[in-house]
file work-v7.txt (compact mmCIF, C-alpha atoms)
# COMPACT_ATOMS: atom_id res chain seq x y z
CA MET D 651 0.00 0.00 0.00
CA GLY D 652 3.09 2.16 -0.31
CA ASP D 653 2.62 5.32 -2.36
CA ALA D 654 -1.15 5.11 -2.24
CA GLY D 655 -0.96 5.79 1.48
CA GLU D 656 -0.08 9.43 0.85
CA ILE D 657 -3.05 10.06 -1.46
CA HIS D 658 -6.10 11.59 0.18
CA LEU D 659 -8.46 8.71 -0.29
CA GLN D 660 -11.70 10.55 -0.93
CA ILE D 661 -11.53 10.20 -4.71
CA ALA D 662 -14.15 7.54 -5.10
CA GLY D 663 -15.64 7.16 -1.64
CA PRO D 664 -19.15 8.08 -0.50
CA ARG D 665 -17.90 11.42 0.79
CA GLY D 666 -16.67 12.28 -2.70
CA GLU D 667 -20.13 13.32 -3.93
CA ASP D 668 -20.38 16.17 -1.43
CA GLU D 669 -16.87 17.33 -2.28
CA ALA D 670 -17.64 17.23 -5.98
CA ARG D 671 -20.80 19.30 -5.51
CA ALA D 672 -18.87 21.80 -3.43
CA VAL D 673 -16.39 22.14 -6.26
CA ALA D 674 -19.21 22.69 -8.72
CA GLY D 675 -20.79 25.30 -6.47
CA ASN D 676 -17.78 27.50 -5.76
CA GLY D 677 -16.62 27.79 -9.33
CA THR D 678 -13.26 26.11 -8.85
CA SER D 679 -12.30 23.29 -11.13
CA PRO D 680 -9.56 20.95 -9.95
CA ALA D 681 -8.55 18.27 -12.38
CA PRO D 682 -10.64 15.11 -12.15
CA PRO D 683 -8.77 12.18 -10.60
CA SER D 684 -6.57 10.41 -13.09
CA VAL D 685 -6.92 6.74 -13.96
CA SER D 686 -3.81 5.89 -11.94
CA GLU D 687 -5.19 7.71 -8.86
CA ARG D 688 -8.47 5.85 -9.09
CA VAL D 689 -6.63 2.53 -9.52
CA GLN D 690 -4.48 3.31 -6.48
CA TRP D 691 -7.55 4.21 -4.45
CA TRP D 692 -9.32 0.98 -5.30
CA ALA D 693 -6.13 -1.03 -4.73
CA VAL D 694 -5.85 0.38 -1.18
CA VAL D 695 -9.53 -0.29 -0.52
CA LEU D 696 -9.31 -3.87 -1.84
CA VAL D 697 -6.22 -4.65 0.24
CA ASN D 698 -8.00 -3.39 3.36
CA ILE D 699 -11.10 -5.43 2.50
CA VAL D 700 -9.00 -8.60 2.22
CA LEU D 701 -7.34 -7.85 5.58
CA VAL D 702 -10.73 -7.42 7.25
CA LEU D 703 -12.41 -10.48 5.74
CA ALA D 704 -9.48 -12.88 6.18
CA GLY D 705 -8.34 -11.57 9.56
CA GLN D 706 -11.82 -11.47 11.08
CA SER D 707 -12.74 -14.99 9.96
CA VAL D 708 -9.49 -16.54 11.22
CA ALA D 709 -9.56 -14.60 14.51
CA ASN D 710 -13.14 -15.65 15.31
CA LEU D 711 -12.38 -19.29 14.49
CA LEU D 712 -9.24 -19.31 16.67
CA GLY D 713 -11.14 -17.56 19.46
CA ARG D 714 -13.74 -20.33 19.51
CA ILE D 715 -11.04 -23.01 19.30
CA TYR D 716 -9.30 -21.45 22.32
CA TYR D 717 -12.41 -22.03 24.44
CA ASP D 718 -13.15 -25.48 23.02
CA GLN D 719 -9.63 -26.78 23.70
CA GLY D 720 -9.63 -25.79 27.36
CA GLY D 721 -8.93 -22.06 27.42
CA GLY D 722 -11.06 -20.19 29.89
CA SER D 723 -9.47 -16.82 30.60
CA LEU D 724 -11.81 -14.11 29.34
CA TRP D 725 -9.21 -11.43 29.98
CA MET D 726 -6.57 -13.34 28.00
CA ALA D 727 -9.05 -13.64 25.14
CA THR D 728 -9.46 -9.87 25.44
CA VAL D 729 -5.72 -9.13 25.57
CA VAL D 730 -4.96 -10.94 22.31
CA GLN D 731 -7.46 -8.76 20.45
CA SER D 732 -5.24 -5.70 20.91
CA CYS D 733 -1.74 -6.87 21.90
CA GLY D 734 -0.51 -7.29 18.31
CA THR D 735 0.31 -3.58 18.02
CA PRO D 736 4.13 -4.10 17.89
CA LEU D 737 3.60 -5.45 14.36
CA ALA D 738 2.73 -1.90 13.29
CA ILE D 739 6.00 -0.35 14.52
CA PRO D 740 8.04 -1.01 11.31
CA LEU D 741 5.32 0.57 9.18
CA LEU D 742 5.06 3.56 11.51
CA LEU D 743 8.82 4.13 11.38
CA TYR D 744 8.93 3.78 7.59
CA PHE D 745 6.03 6.09 6.78
CA GLY D 746 6.93 8.53 9.56
CA ARG D 747 10.27 9.27 7.91
CA ARG D 748 8.89 9.76 4.41
CA PRO D 749 8.26 13.29 3.10
CA LYS D 750 4.59 14.14 2.79
CA ALA D 751 3.26 14.12 -0.76
CA THR D 752 0.29 16.38 -0.05
CA ALA D 753 0.37 19.86 -1.46
CA THR D 754 -1.06 21.64 1.56
CA ALA D 755 0.34 21.21 5.05
CA VAL D 756 -2.08 20.02 7.70
CA THR D 757 -1.61 21.44 11.17
CA ARG D 758 -1.29 18.70 13.73
CA PRO D 759 -3.69 18.92 16.69
CA PRO D 760 -2.19 19.52 20.17
CA LEU D 761 -0.45 16.46 21.60
CA LEU D 762 -2.61 16.46 24.73
CA LYS D 763 -5.81 16.52 22.67
CA ILE D 764 -4.84 13.69 20.35
CA SER D 765 -3.45 11.65 23.26
CA ALA D 766 -6.75 11.97 25.10
CA ILE D 767 -8.65 10.87 21.99
CA TYR D 768 -6.45 7.81 21.44
CA ALA D 769 -6.64 6.90 25.13
CA GLY D 770 -10.43 7.24 25.12
CA LEU D 771 -10.72 5.07 22.00
CA GLY D 772 -8.44 2.51 23.66
CA VAL D 773 -10.63 2.27 26.75
CA LEU D 774 -13.73 1.81 24.58
CA LEU D 775 -11.94 -0.85 22.52
CA ALA D 776 -10.92 -2.75 25.65
CA GLY D 777 -14.51 -2.78 26.91
CA ASP D 778 -15.79 -3.83 23.52
CA ASN D 779 -13.22 -6.62 23.26
CA LEU D 780 -14.20 -7.93 26.70
CA MET D 781 -17.88 -8.09 25.74
CA TYR D 782 -16.97 -9.92 22.53
CA SER D 783 -14.90 -12.39 24.57
CA TYR D 784 -17.89 -13.19 26.79
CA ALA D 785 -20.20 -13.39 23.78
CA LEU D 786 -17.96 -15.84 21.92
CA LEU D 787 -17.78 -18.03 25.05
CA TYR D 788 -21.57 -18.12 25.48
CA LEU D 789 -22.60 -18.56 21.82
CA PRO D 790 -21.69 -20.96 19.01
CA LEU D 791 -19.55 -19.26 16.38
CA SER D 792 -22.27 -19.46 13.72
CA THR D 793 -24.87 -17.80 15.98
CA TYR D 794 -22.39 -15.23 17.28
CA SER D 795 -21.41 -14.19 13.76
CA LEU D 796 -24.97 -13.72 12.56
CA VAL D 797 -25.95 -11.62 15.59
CA CYS D 798 -22.87 -9.44 14.99
CA ALA D 799 -24.46 -8.37 11.70
CA THR D 800 -26.56 -5.89 13.73
CA GLN D 801 -23.48 -3.69 14.01
CA LEU D 802 -24.32 -2.21 10.60
CA SER D 803 -27.71 -1.09 11.87
CA PHE D 804 -26.15 0.59 14.89
CA ASN D 805 -23.48 2.17 12.72
CA ALA D 806 -26.08 3.61 10.35
CA VAL D 807 -27.59 5.52 13.28
CA PHE D 808 -24.24 6.73 14.62
CA SER D 809 -23.07 7.70 11.14
CA TYR D 810 -26.20 9.75 10.57
CA PHE D 811 -25.74 11.81 13.75
CA LEU D 812 -21.92 11.93 14.03
CA ASN D 813 -20.68 11.71 10.45
CA LYS D 814 -23.58 13.27 8.50
CA GLN D 815 -24.05 10.08 6.52
CA LYS D 816 -26.95 10.38 4.09
CA PHE D 817 -29.68 7.76 4.18
CA THR D 818 -31.08 6.37 0.96
CA ALA D 819 -33.67 3.69 0.27
CA LEU D 820 -30.95 1.14 -0.45
CA ILE D 821 -29.02 1.89 2.75
CA LEU D 822 -32.22 1.71 4.80
CA ASN D 823 -33.09 -1.57 3.08
CA SER D 824 -29.64 -2.91 3.97
CA VAL D 825 -30.01 -1.92 7.62
CA VAL D 826 -33.48 -3.47 7.92
CA LEU D 827 -32.41 -6.74 6.30
CA LEU D 828 -29.33 -7.16 8.50
CA THR D 829 -31.36 -6.40 11.61
CA PHE D 830 -33.96 -8.94 10.53
CA SER D 831 -31.18 -11.49 9.96
CA ALA D 832 -29.97 -11.15 13.55
CA ALA D 833 -33.54 -11.22 14.87
CA LEU D 834 -34.12 -14.57 13.15
CA VAL D 835 -31.16 -16.04 14.98
CA GLY D 836 -32.26 -14.59 18.30
CA VAL D 837 -35.81 -15.91 18.01
CA SER D 838 -34.62 -19.36 16.93
CA HIS D 839 -32.45 -19.64 20.06
CA GLY D 840 -29.44 -20.69 17.96
CA SER D 841 -27.42 -22.22 20.81
CA ASP D 842 -28.45 -25.74 19.93
CA GLY D 843 -26.73 -28.08 17.54
CA THR D 844 -23.02 -27.52 18.05
CA ASN D 845 -19.98 -29.51 19.11
CA SER D 846 -18.50 -26.43 20.78
CA SER D 847 -18.29 -26.27 24.58
CA VAL D 848 -21.00 -23.63 25.03
CA PRO D 849 -22.24 -23.19 28.65
CA GLU D 850 -25.86 -24.19 29.20
CA GLY D 851 -28.40 -21.46 29.80
CA LYS D 852 -26.10 -18.62 28.70
CA PHE D 853 -27.70 -17.93 25.32
CA PRO D 854 -29.78 -14.87 26.40
CA LEU D 855 -26.75 -13.27 28.08
CA GLY D 856 -24.52 -14.09 25.12
CA PHE D 857 -27.08 -12.63 22.72
CA ALA D 858 -27.38 -9.43 24.78
CA LEU D 859 -23.60 -9.05 25.08
CA THR D 860 -23.15 -9.53 21.34
CA LEU D 861 -25.72 -6.83 20.62
CA SER D 862 -24.07 -4.48 23.12
CA ALA D 863 -20.61 -5.14 21.72
CA SER D 864 -21.86 -4.57 18.18
CA ALA D 865 -23.38 -1.22 19.19
CA LEU D 866 -20.16 -0.11 20.92
CA PHE D 867 -18.03 -1.26 17.99
CA SER D 868 -20.18 0.81 15.63
CA LEU D 869 -19.82 3.86 17.87
CA ILE D 870 -16.03 3.41 17.90
CA LEU D 871 -15.88 3.32 14.09
CA SER D 872 -17.95 6.51 13.82
CA LEU D 873 -15.75 8.23 16.39
CA MET D 874 -12.66 7.20 14.43
CA GLN D 875 -14.10 8.68 11.24
CA LEU D 876 -14.99 11.85 13.16
CA THR D 877 -11.37 12.04 14.37
CA PHE D 878 -10.00 11.72 10.84
CA ASP D 879 -12.42 14.34 9.48
CA LYS D 880 -12.52 16.95 12.25
CA VAL D 881 -9.36 16.53 14.34
CA LEU D 882 -6.57 15.08 12.22
CA ARG D 883 -8.02 16.47 8.96
CA SER D 884 -5.87 13.93 7.17
CA ASP D 885 -6.23 10.30 6.17
CA THR D 886 -2.79 9.22 4.98
CA PHE D 887 -1.54 5.71 5.66
CA TYR D 888 0.67 7.05 8.45
CA ASP D 889 -2.34 8.66 10.16
CA VAL D 890 -4.23 5.37 9.93
CA MET D 891 -1.33 3.41 11.41
CA GLU D 892 -0.77 5.98 14.16
CA MET D 893 -4.38 5.83 15.31
CA GLN D 894 -4.38 2.05 15.10
CA PHE D 895 -1.13 1.76 17.09
CA TRP D 896 -1.88 4.13 19.95
CA SER D 897 -5.56 3.29 20.44
CA ASN D 898 -4.80 -0.44 20.46
CA THR D 899 -1.81 0.08 22.75
CA ALA D 900 -4.14 1.83 25.20
CA ALA D 901 -6.64 -1.05 24.85
CA ALA D 902 -3.88 -3.59 25.48
CA ILE D 903 -2.75 -1.76 28.63
CA VAL D 904 -6.31 -1.72 29.98
CA SER D 905 -6.76 -5.42 29.12
CA VAL D 906 -3.48 -6.48 30.75
CA ALA D 907 -4.45 -4.48 33.85
CA GLY D 908 -7.77 -6.32 33.91
CA LEU D 909 -5.97 -9.65 33.58
CA PHE D 910 -3.90 -8.95 36.72
CA ILE D 911 -6.60 -7.18 38.75
CA SER D 912 -9.06 -10.05 38.14
CA GLY D 913 -6.47 -12.59 39.26
CA GLU D 914 -6.82 -14.62 36.05
CA TRP D 915 -3.07 -14.29 35.42
CA SER D 916 -2.45 -16.85 38.19
CA THR D 917 -4.48 -19.51 36.36
CA LEU D 918 -2.71 -19.20 33.01
CA HIS D 919 0.04 -21.74 33.81
CA GLY D 920 -2.53 -24.38 34.72
CA GLU D 921 -4.63 -23.44 31.69
CA MET D 922 -1.61 -23.95 29.44
CA ASP D 923 -0.87 -27.38 30.98
CA GLY D 924 -4.50 -28.44 30.62
CA TYR D 925 -4.89 -27.31 27.02
CA LYS D 926 -6.08 -30.34 25.04
CA LYS D 927 -3.69 -29.83 22.12
CA GLY D 928 -0.67 -29.11 24.32
CA ARG D 929 1.36 -26.13 25.46
CA VAL D 930 2.78 -25.33 22.01
CA ALA D 931 -0.70 -25.31 20.46
CA TYR D 932 -1.87 -23.05 23.30
CA GLY D 933 0.81 -20.48 22.57
CA MET D 934 0.33 -20.70 18.80
CA THR D 935 -3.43 -20.26 19.11
CA LEU D 936 -3.01 -17.07 21.12
CA ALA D 937 -0.20 -15.75 18.90
CA TRP D 938 -2.08 -16.26 15.64
CA THR D 939 -5.25 -14.84 17.17
CA ALA D 940 -3.33 -11.68 18.06
CA ILE D 941 -1.83 -11.44 14.55
CA SER D 942 -5.24 -11.99 12.93
CA TRP D 943 -6.87 -9.26 15.02
CA GLN D 944 -4.00 -6.90 14.28
CA LEU D 945 -4.45 -7.36 10.52
CA THR D 946 -8.20 -6.97 10.91
CA THR D 947 -7.79 -3.71 12.82
CA MET D 948 -5.38 -2.35 10.20
CA GLY D 949 -7.94 -3.09 7.50
CA LEU D 950 -10.83 -1.61 9.48
CA MET D 951 -9.06 1.67 10.17
CA GLY D 952 -7.82 1.86 6.59
CA LEU D 953 -11.40 1.60 5.33
CA VAL D 954 -12.67 4.17 7.84
CA ALA D 955 -10.08 6.66 6.60
CA SER D 956 -10.45 5.91 2.91
CA VAL D 957 -14.23 5.50 2.63
CA SER D 958 -16.46 5.77 5.72
CA SER D 959 -17.30 4.03 8.98
CA LEU D 960 -20.57 2.74 7.51
CA PHE D 961 -18.80 1.16 4.54
CA THR D 962 -16.26 -0.35 6.95
CA ASN D 963 -19.05 -1.96 8.92
CA VAL D 964 -20.59 -3.29 5.72
CA ILE D 965 -17.33 -5.04 4.84
CA SER D 966 -17.02 -6.36 8.37
CA THR D 967 -20.59 -7.60 8.13
CA VAL D 968 -20.11 -9.39 4.83
CA GLY D 969 -17.39 -11.47 6.47
CA LEU D 970 -19.84 -12.68 9.11
CA PRO D 971 -21.70 -15.13 6.82
CA LEU D 972 -18.30 -16.77 6.20
CA SER D 973 -17.95 -17.65 9.88
CA PRO D 974 -21.03 -19.92 10.05
CA ILE D 975 -19.70 -21.87 7.08
CA ILE D 976 -16.29 -22.14 8.75
CA ALA D 977 -17.98 -23.18 12.01
CA VAL D 978 -19.89 -25.97 10.25
CA ILE D 979 -16.70 -27.28 8.62
CA PHE D 980 -14.25 -27.01 11.53
CA LEU D 981 -16.38 -26.91 14.70
CA GLY D 982 -19.34 -29.12 13.83
CA ASP D 983 -22.03 -26.45 14.22
CA ARG D 984 -25.42 -27.42 12.84
CA MET D 985 -26.57 -25.18 9.97
CA ASP D 986 -30.35 -25.34 10.21
CA GLY D 987 -32.87 -23.68 7.92
CA VAL D 988 -33.19 -20.56 10.06
CA LYS D 989 -29.44 -19.92 10.01
CA VAL D 990 -29.31 -20.45 6.25
CA LEU D 991 -32.17 -17.99 5.79
CA ALA D 992 -30.50 -15.49 8.13
CA MET D 993 -27.25 -15.78 6.19
CA LEU D 994 -28.97 -15.23 2.84
CA VAL D 995 -30.83 -12.19 4.19
CA ALA D 996 -27.53 -10.79 5.51
CA VAL D 997 -25.90 -11.20 2.09
CA TRP D 998 -28.91 -9.49 0.47
CA GLY D 999 -28.51 -6.58 2.86
CA PHE D 1000 -24.81 -6.31 2.07
CA LEU D 1001 -25.42 -6.29 -1.68
CA SER D 1002 -27.97 -3.50 -1.24
CA TYR D 1003 -25.36 -1.28 0.34
CA ILE D 1004 -22.68 -2.19 -2.21
CA TYR D 1005 -25.07 -1.21 -5.01
CA GLN D 1006 -25.69 2.15 -3.32
CA HIS D 1007 -21.92 2.67 -3.13
CA TYR D 1008 -21.68 1.90 -6.86
CA LEU D 1009 -24.38 4.48 -7.61
CA ASP D 1010 -22.59 7.09 -5.46
CA ASP D 1011 -19.32 6.46 -7.27
CA ALA D 1012 -20.99 6.78 -10.67
CA LYS D 1013 -22.61 10.08 -9.58
CA VAL D 1014 -19.25 11.48 -8.48
CA LYS D 1015 -17.74 10.59 -11.86
CA LYS D 1016 -20.62 12.30 -13.66
CA ILE D 1017 -20.37 15.51 -11.58
CA LEU D 1018 -16.61 15.79 -12.08
CA ALA D 1019 -16.88 15.02 -15.79
CA GLU D 1020 -19.60 17.67 -16.28
CA ARG D 1021 -17.57 20.26 -14.41
CA SER D 1022 -14.48 19.44 -16.43
CA ALA D 1023 -16.47 19.75 -19.68
CA GLU D 1024 -17.86 23.14 -18.61
CA HIS D 1025 -14.37 24.34 -17.80
CA ARG D 1026 -13.09 23.31 -21.24
CA THR D 1027 -16.05 25.00 -22.93
CA VAL D 1028 -15.45 28.29 -21.08
CA LYS D 1029 -11.75 28.12 -21.88
CA LEU D 1030 -12.40 27.60 -25.61
CA ALA D 1031 -14.94 30.45 -25.67
CA THR D 1032 -12.46 32.92 -24.17
CA GLU D 1033 -9.67 32.06 -26.60
call {"tool": "encode", "arguments": {"input": "work-v7.txt", "output": "structure tokens"}}
result
Amino acid sequence: MGDAGEIHLQIAGPRGEDEARAVAGNGTSPAPPSVSERVQWWAVVLVNIVLVLAGQSVANLLGRIYYDQGGGSLWMATVVQSCGTPLAIPLLLYFGRRPKATATAVTRPPLLKISAIYAGLGVLLAGDNLMYSYALLYLPLSTYSLVCATQLSFNAVFSYFLNKQKFTALILNSVVLLTFSAALVGVSHGSDGTNSSVPEGKFPLGFALTLSASALFSLILSLMQLTFDKVLRSDTFYDVMEMQFWSNTAAAIVSVAGLFISGEWSTLHGEMDGYKKGRVAYGMTLAWTAISWQLTTMGLMGLVASVSSLFTNVISTVGLPLSPIIAVIFLGDRMDGVKVLAMLVAVWGFLSYIYQHYLDDAKVKKILAERSAEHRTVKLATE
């Protein structure tokens, strides 16, 4: 994602329509984005999408395996969701030393202000990760993943109030369908039919925790977009990595503190010895879970900066139907008719939003092309 990281990634995103109209209204006429710029923008977006889909699916699977094989520390399951931040240090050092390619300098916010924002995001992330850890313990992976689809509905609300996201019929249709998908799973009491070690009688609590975690996750994404737009006023790759590193470092500190304060740290040695696949498998499961979540977070924040928090949640949501399939193959979950219907409805909701994004992109192209044509006409008339 090298050079593309220094391009302001609003060229083809949903926010591009407003910028294009502003250009048309104030009489200025910057050159439309070149083919290479658009290719770079889509390349960055696609790389981030792959990171989110692959990382999220693997991390959820490993998280469920951790519990099934004898792991029981909820705080350890929370720690690994944010402790992979050292992997971002080489990228931070590399992009931090590069000269900025943007034409206009952006004034950095005060250190105290940005530190408080990153710390606040970190605390919210730690709380969200803890709720997800409980939810994954109390629900089968297939059920957990489908309920998580509600995060798009929550994000639509937060995006409307915090990020001025416009609602259209297709976006509303997407939100309703994904909410309906999760409701199907909740009504069907999807805790039955699994080989996973799910505690009895914990389905209602797991369902409620998953909904709460999804709502908080959606709020965090909207707050991140608000930070990029109103505080940092920049969305380069370095800015993305900086936010990812410091907010997750804060989350890791809070999670490690929780691990020691709760006393769970004293049980880890026995947990490692009792792990069904052995001590090496225990360490590898936690390590790869941390790496998977780190890659997922990089992709999520990259999409927030380059497109929007709502689009980021859509991509995160489209990965959720993959988890039930993975759960059926690797964990022995039963895929009944209700879950199949819920998955199909979720995919329908995702496609509705993707089509709206396609229409927005086409509208931006048309506005910029019309403005460019007007500019050429005026120029020819004055010659």
call {"tool": "closest_atom_pairs", "arguments": {"input": "work-v7.txt", "of": "range 878-966 of chain D", "to": "range 1002-1011 of chain D", "cutoff": "12 Å", "atoms": "all atoms listed in the file", "output": "JSON lines"}}
result
{"residue": "D:Val957", "atom": "CA", "partner": "D:His1007", "partner_atom": "CA", "distance": 10.0}
{"residue": "D:Ser958", "atom": "CA", "partner": "D:His1007", "partner_atom": "CA", "distance": 10.9}
{"residue": "D:Leu960", "atom": "CA", "partner": "D:Tyr1003", "partner_atom": "CA", "distance": 9.5}
{"residue": "D:Phe961", "atom": "CA", "partner": "D:Tyr1003", "partner_atom": "CA", "distance": 8.2}
{"residue": "D:Thr962", "atom": "CA", "partner": "D:Tyr1003", "partner_atom": "CA", "distance": 11.3}
{"residue": "D:Asn963", "atom": "CA", "partner": "D:Tyr1003", "partner_atom": "CA", "distance": 10.7}
{"residue": "D:Val964", "atom": "CA", "partner": "D:Tyr1003", "partner_atom": "CA", "distance": 7.5}
{"residue": "D:Ile965", "atom": "CA", "partner": "D:Ile1004", "partner_atom": "CA", "distance": 9.3}
call {"tool": "atom_distance", "arguments": {"input": "work-v7.txt", "atom1": "CA of Asp923 in chain D", "atom2": "CA of Gln731 in chain D"}}
result
22.4 Å
call {"tool": "atom_distance", "arguments": {"input": "work-v7.txt", "atom1": "CA of Ser1022 in chain D", "atom2": "CA of Ser956 in chain D"}}
result
23.9 Å
call {"tool": "closest_atom_pairs", "arguments": {"input": "work-v7.txt", "of": "range 924-992 of chain D", "to": "range 736-748 of chain D", "cutoff": "12 Å", "atoms": "only C-alpha atoms", "output": "tab-separated table"}}
result
residue	atom	partner	partner_atom	distance
D:Ala937	CA	D:Leu737	CA	11.9
D:Ala940	CA	D:Leu737	CA	10.0
D:Ile941	CA	D:Leu737	CA	8.1
D:Ser942	CA	D:Leu737	CA	11.1
D:Trp943	CA	D:Leu737	CA	11.2
D:Gln944	CA	D:Leu737	CA	7.7
D:Leu945	CA	D:Leu737	CA	9.1
D:Thr947	CA	D:Ala738	CA	10.7
D:Met948	CA	D:Ala738	CA	8.7
call {"tool": "residues_around", "arguments": {"input": "work-v7.txt", "residues": "Ile821 in chain D", "least_positions_apart": "2", "cutoff": "9 Å", "atoms": "all atoms listed in the file", "output": "PyMOL selection string"}}
result
chain D and resi 806+816-819+823-826+999+1002-1003+1006
call {"tool": "closest_atom_pairs", "arguments": {"input": "work-v7.txt", "of": "range 847-935 of chain D", "to": "range 784-797 of chain D", "cutoff": "8 Å", "atoms": "all atoms listed in the file", "output": "tab-separated table"}}
result
residue	atom	partner	partner_atom	distance
D:Val848	CA	D:Tyr788	CA	5.6
D:Pro849	CA	D:Tyr788	CA	6.0
D:Lys852	CA	D:Tyr788	CA	5.6
D:Phe853	CA	D:Tyr788	CA	6.1
D:Leu855	CA	D:Tyr788	CA	7.6
D:Gly856	CA	D:Ala785	CA	4.6
D:Phe857	CA	D:Ala785	CA	7.0
D:Leu859	CA	D:Ala785	CA	5.7
D:Thr860	CA	D:Ala785	CA	5.4
D:Leu861	CA	D:Val797	CA	6.9
call {"tool": "write_last_selection", "arguments": {"input": "work-v7.txt", "atoms": "C-alpha atoms", "output": "PDB file, in the coordinates of the input"}}
result
ATOM      1  CA  VAL D 848     -21.000 -23.630  25.030  1.00  0.00           C
ATOM      2  CA  PRO D 849     -22.240 -23.190  28.650  1.00  0.00           C
ATOM      3  CA  LYS D 852     -26.100 -18.620  28.700  1.00  0.00           C
ATOM      4  CA  PHE D 853     -27.700 -17.930  25.320  1.00  0.00           C
ATOM      5  CA  LEU D 855     -26.750 -13.270  28.080  1.00  0.00           C
ATOM      6  CA  GLY D 856     -24.520 -14.090  25.120  1.00  0.00           C
ATOM      7  CA  PHE D 857     -27.080 -12.630  22.720  1.00  0.00           C
ATOM      8  CA  LEU D 859     -23.600  -9.050  25.080  1.00  0.00           C
ATOM      9  CA  THR D 860     -23.150  -9.530  21.340  1.00  0.00           C
ATOM     10  CA  LEU D 861     -25.720  -6.830  20.620  1.00  0.00           C
TER      11      LEU D 861
END
call {"tool": "closest_residue", "arguments": {"input": "work-v7.txt", "among": "D:Leu936, D:Ala799, D:Ala900, D:Ile979", "to": "Val997 in chain D", "atoms": "all atoms listed in the file"}}
result
D:Ala799
